[in-house]
Each structure stands twice: as structure tokens, then as C-alpha cells.
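What follows is a set of notes on a single structure, which appears directly below.
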Amino acid sequence: MSRPAPRVGRYRRPLPPIGRYALRVAALAAALGLWQALTSLDVDLWLRFSQFPTVTDVAHAFADRLFGADYWTDLTASLTRIVTGFLLAAALGVAGGVLVARSRLAEDLLGPLLEVVRPIPAIALVPVAILLFPSNEQGIVFITFTAAFFPVLVSTRHSVRALTPVWEEAVLTMGGGRWRILGSVVLPGALPGILGGLSVGIGVSWICVISAEMISGQYGVGYRTWQDYTIVNYPGVFVGMVTIGVLGWLTSTTVELLGRRLTRWLPRTSYIPGTRPTAPRALAPARPAPAAVRTEQPSDTQEARDEHLV
């Protein structure tokens, strides 16, 4: 008698959406509670939490900022810079990546220059932007554009080069030209990689735009955060940090949702976070049919004998 195969893992039912959201809110509330406890008790072990403002101090400063005009002016300035620079980087990065990946001449002409400029941090180009552009606003947009351009370019280039040539050959066989291949094969096939570069680029853009605003800006979240630091307004500094984090999360989520919308034709994985795959159960051996129902199948020799008799 055969024994069933032992189960390797145990399937855990995933939490419903409401339960997952409740778990996330509870984790955030626990982190805020720990922050409040460490700062209100002036805990100084190795990290000096006594120098930090409490959660209530930051909340009061944030409430005061919300009813002021400067906060919304800074918010609008930062969003305008990030959207302008990121859209330019997305358009030129995708076009440049496809061009370098598909053309040997473009790779020979632009490849060495791009590879030399790419390792330079975008924030290190602030002096160049100050000398090159007539206004600080244009210079900050240039820094934001540079920060997002290279992640999009590199991701697009690798995605286009990784495409299988079978698809392109199929379009050529059916009489399609270069533009048909570009619109039907290259861009759709490289779209998942392009969206990955866009997700990375939007995060790097926020880092660089805040740094550029701290150095040469006149408005913006980064500029206001640095001003609060110079006047030792630490609750205001944390208000700026929270604002930057929320804005970065909203913009990256927007890019991700747009990517899911554009790639609806892709197959989705069936993996559910929080579960562990289980080993397939061994099938029980089939029971023999009862004698009354069992039918005899003629063997090969019996079939040959019958044909000979006929």
C-alpha cells in the first residue's frame, strides 16, 4: 500500500484587502509611536533622540504650514520642475535608447559621449547649469532632466537589444518596414523594461531636484527645508522631509499604475505575497475496476490471429 507524499509547505490564506490595509496602517502607527516614545523620553543610547522633535511637534508645524501660502507655492514649484524635467527625460531617453540600440552609427557617435557623462552625478552639474542657463529655474529643470535621462536611456537600450529577432523577421516576412517593426515589435516588446527605467528615473529625479533647490533655488520644498535648517527649525525640516516622501510616493505610484495600464496585454504572475508555494499532492493509485465492469482489451497477437482467420 503506497503512502501519500509528505507535504512540503502549508498554504496560508492571503489576507483580504481590508486586512492588508489595516496591517499597513498598524505598521505605520507603530513606527510613529516608537518615534514619539524615543523623543519624548529623551532617549540617548548611541543615537541622540533627544535632539529630534517629537511627532506632535512635527504635526503642529505641518498644520501651520498647510494654512500658509508659502507651503503651496513651494509644492507647486517642485512639482512643476519634476514633471517638466521627467517628461523631457522620458521622451528623449526612450528615443535615444532605441536609436543607440538599433543603429550602429548612432552607437559609435553617441555611445562614447553618453558613457563618459553617465557616471557624473546630476547634482555635480549644478555649477554647469548655473553657467549655462540664464535662470535658476531652467538650471534646476536641467538637473532633474539629467537625473532621469540616463536610467531611462540605459533601460531602454538593454530592453531593445534583448528582443528576440524572430518577431522582427516575422514582420519582414509579411512585408512590414522599419516603422512597422518599431511600432509593432520594438516599442511593445521593450515596454516593460522602459517602464522599469521610468520608475527608477522618477525617484532619482526627486533626489536631485531637492538637492538643486537647496543649492540654487528660490522656491520649492528643498529650498524651504534648507531654510528651516539654517534657522534651527527642526520641526519644519521634518515637515519638508515628510512632504518629499509623500510626493515621491505619489509620483512613483502614478508611473507604476500607468505602466500596468499600458501593459495589460502581458500575462500576470499568479504569485500572492504572503503565501508559500506547496508541493503538488501525489495522486492516489487508481483502483482496479470491478470484475463485472472490467473489459478485456485484445492483445496484438489476438488481433493478428483474427486477421489471419478472416
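The chains in the C-alpha cells are called A, B, ... from first to last as shown; in each chain the residues are counted from 1, and the ligands are counted from 1 in the order shown.
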
Original post:
Counting only C-alpha atoms, what is within 10 Å of range 259-262 of chain A, bar same-chain residues fewer than 6 positions away, as a count of residues only?
Top reply: 9

**OP:** Identify, with DSSP run on backbone atoms, the residues in range 25-212 of chain A assigned to alpha helix (DSSP H), and express the list as a PyMOL selection string.
**Re:** chain A and resi 25-40+55-66+69-102+104-117+126-132+136-161+165-173+178-181+187-212

Subject >> Surrounding residues of range 210-226 of chain A excluding itself and chain neighbours under 3 positions, 6 Å, only C-alpha atoms, as a ChimeraX atom specification >> reply: /A:74,77-78,140,207,229,237,240

Subject >> Point-to-point distance in Å for CA of Val55 in chain A and CA of Tyr234 in chain A >> reply: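 Distance between the two atoms: 11.6 Å.
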
Subject >> Contacts of Gly111 in chain A at 10 Å (only C-alpha atoms; same-chain gap of 6+ positions) as a PyMOL selection string >> reply: chain A and resi 100-101+104-105

Please produce a file of the residues just selected, as an mmCIF file, in the first residue's frame, where the atoms kept are all heavy atoms.
```
data_model
loop_
_atom_site.group_PDB
_atom_site.id
_atom_site.type_symbol
_atom_site.label_atom_id
_atom_site.label_comp_id
_atom_site.auth_asym_id
_atom_site.auth_seq_id
_atom_site.Cartn_x
_atom_site.Cartn_y
_atom_site.Cartn_z
ATOM 1 N N VAL A 100 20.240 54.209 -30.176
ATOM 2 C CA VAL A 100 21.553 53.610 -29.915
ATOM 3 C C VAL A 100 21.504 52.094 -30.050
ATOM 4 O O VAL A 100 22.461 51.467 -30.526
ATOM 5 C CB VAL A 100 22.049 54.035 -28.519
ATOM 6 C CG1 VAL A 100 23.300 53.268 -28.130
ATOM 7 C CG2 VAL A 100 22.325 55.530 -28.486
ATOM 8 N N ALA A 101 20.389 51.484 -29.653
ATOM 9 C CA ALA A 101 20.279 50.023 -29.721
ATOM 10 C C ALA A 101 20.057 49.521 -31.140
ATOM 11 O O ALA A 101 20.451 48.396 -31.461
ATOM 12 C CB ALA A 101 19.143 49.551 -28.816
ATOM 13 N N ARG A 104 24.024 51.206 -35.547
ATOM 14 C CA ARG A 104 25.451 51.140 -35.235
ATOM 15 C C ARG A 104 26.113 52.503 -35.351
ATOM 16 O O ARG A 104 27.038 52.823 -34.594
ATOM 17 C CB ARG A 104 26.133 50.145 -36.170
ATOM 18 C CG ARG A 104 25.705 48.697 -35.956
ATOM 19 C CD ARG A 104 26.487 47.762 -36.860
ATOM 20 N NE ARG A 104 26.107 46.369 -36.630
ATOM 21 C CZ ARG A 104 26.633 45.336 -37.285
ATOM 22 N NH1 ARG A 104 27.559 45.549 -38.231
ATOM 23 N NH2 ARG A 104 26.231 44.112 -37.009
ATOM 24 N N LEU A 105 25.661 53.311 -36.307
ATOM 25 C CA LEU A 105 26.238 54.647 -36.461
ATOM 26 C C LEU A 105 25.947 55.504 -35.233
ATOM 27 O O LEU A 105 26.833 56.202 -34.721
ATOM 28 C CB LEU A 105 25.674 55.307 -37.722
ATOM 29 C CG LEU A 105 26.159 56.731 -38.023
ATOM 30 C CD1 LEU A 105 27.681 56.746 -38.209
ATOM 31 C CD2 LEU A 105 25.444 57.296 -39.240
#
```

Original post:
How many Å separate CA of Thr56 in chain A from CA of Thr243 in chain A?
Top reply: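 Separation of CA of Thr56 in chain A and CA of Thr243 in chain A: 16.1 Å.
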
Original post:
Hey, which of A:Val185, A:Val83, A:Leu99, A:Val239 ends up closest to Pro53 in chain A? Count only C-alpha atoms.
Top reply: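 With only C-alpha atoms as the atom set, the closest residue is A:Val239.
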
**OP:** For CA of Arg180 in chain A and CA of Val255 in chain A, quote the distance in Å rounded to one decimal.
**Re:**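 Rounded to one decimal, the two atoms are 26.7 Å apart.
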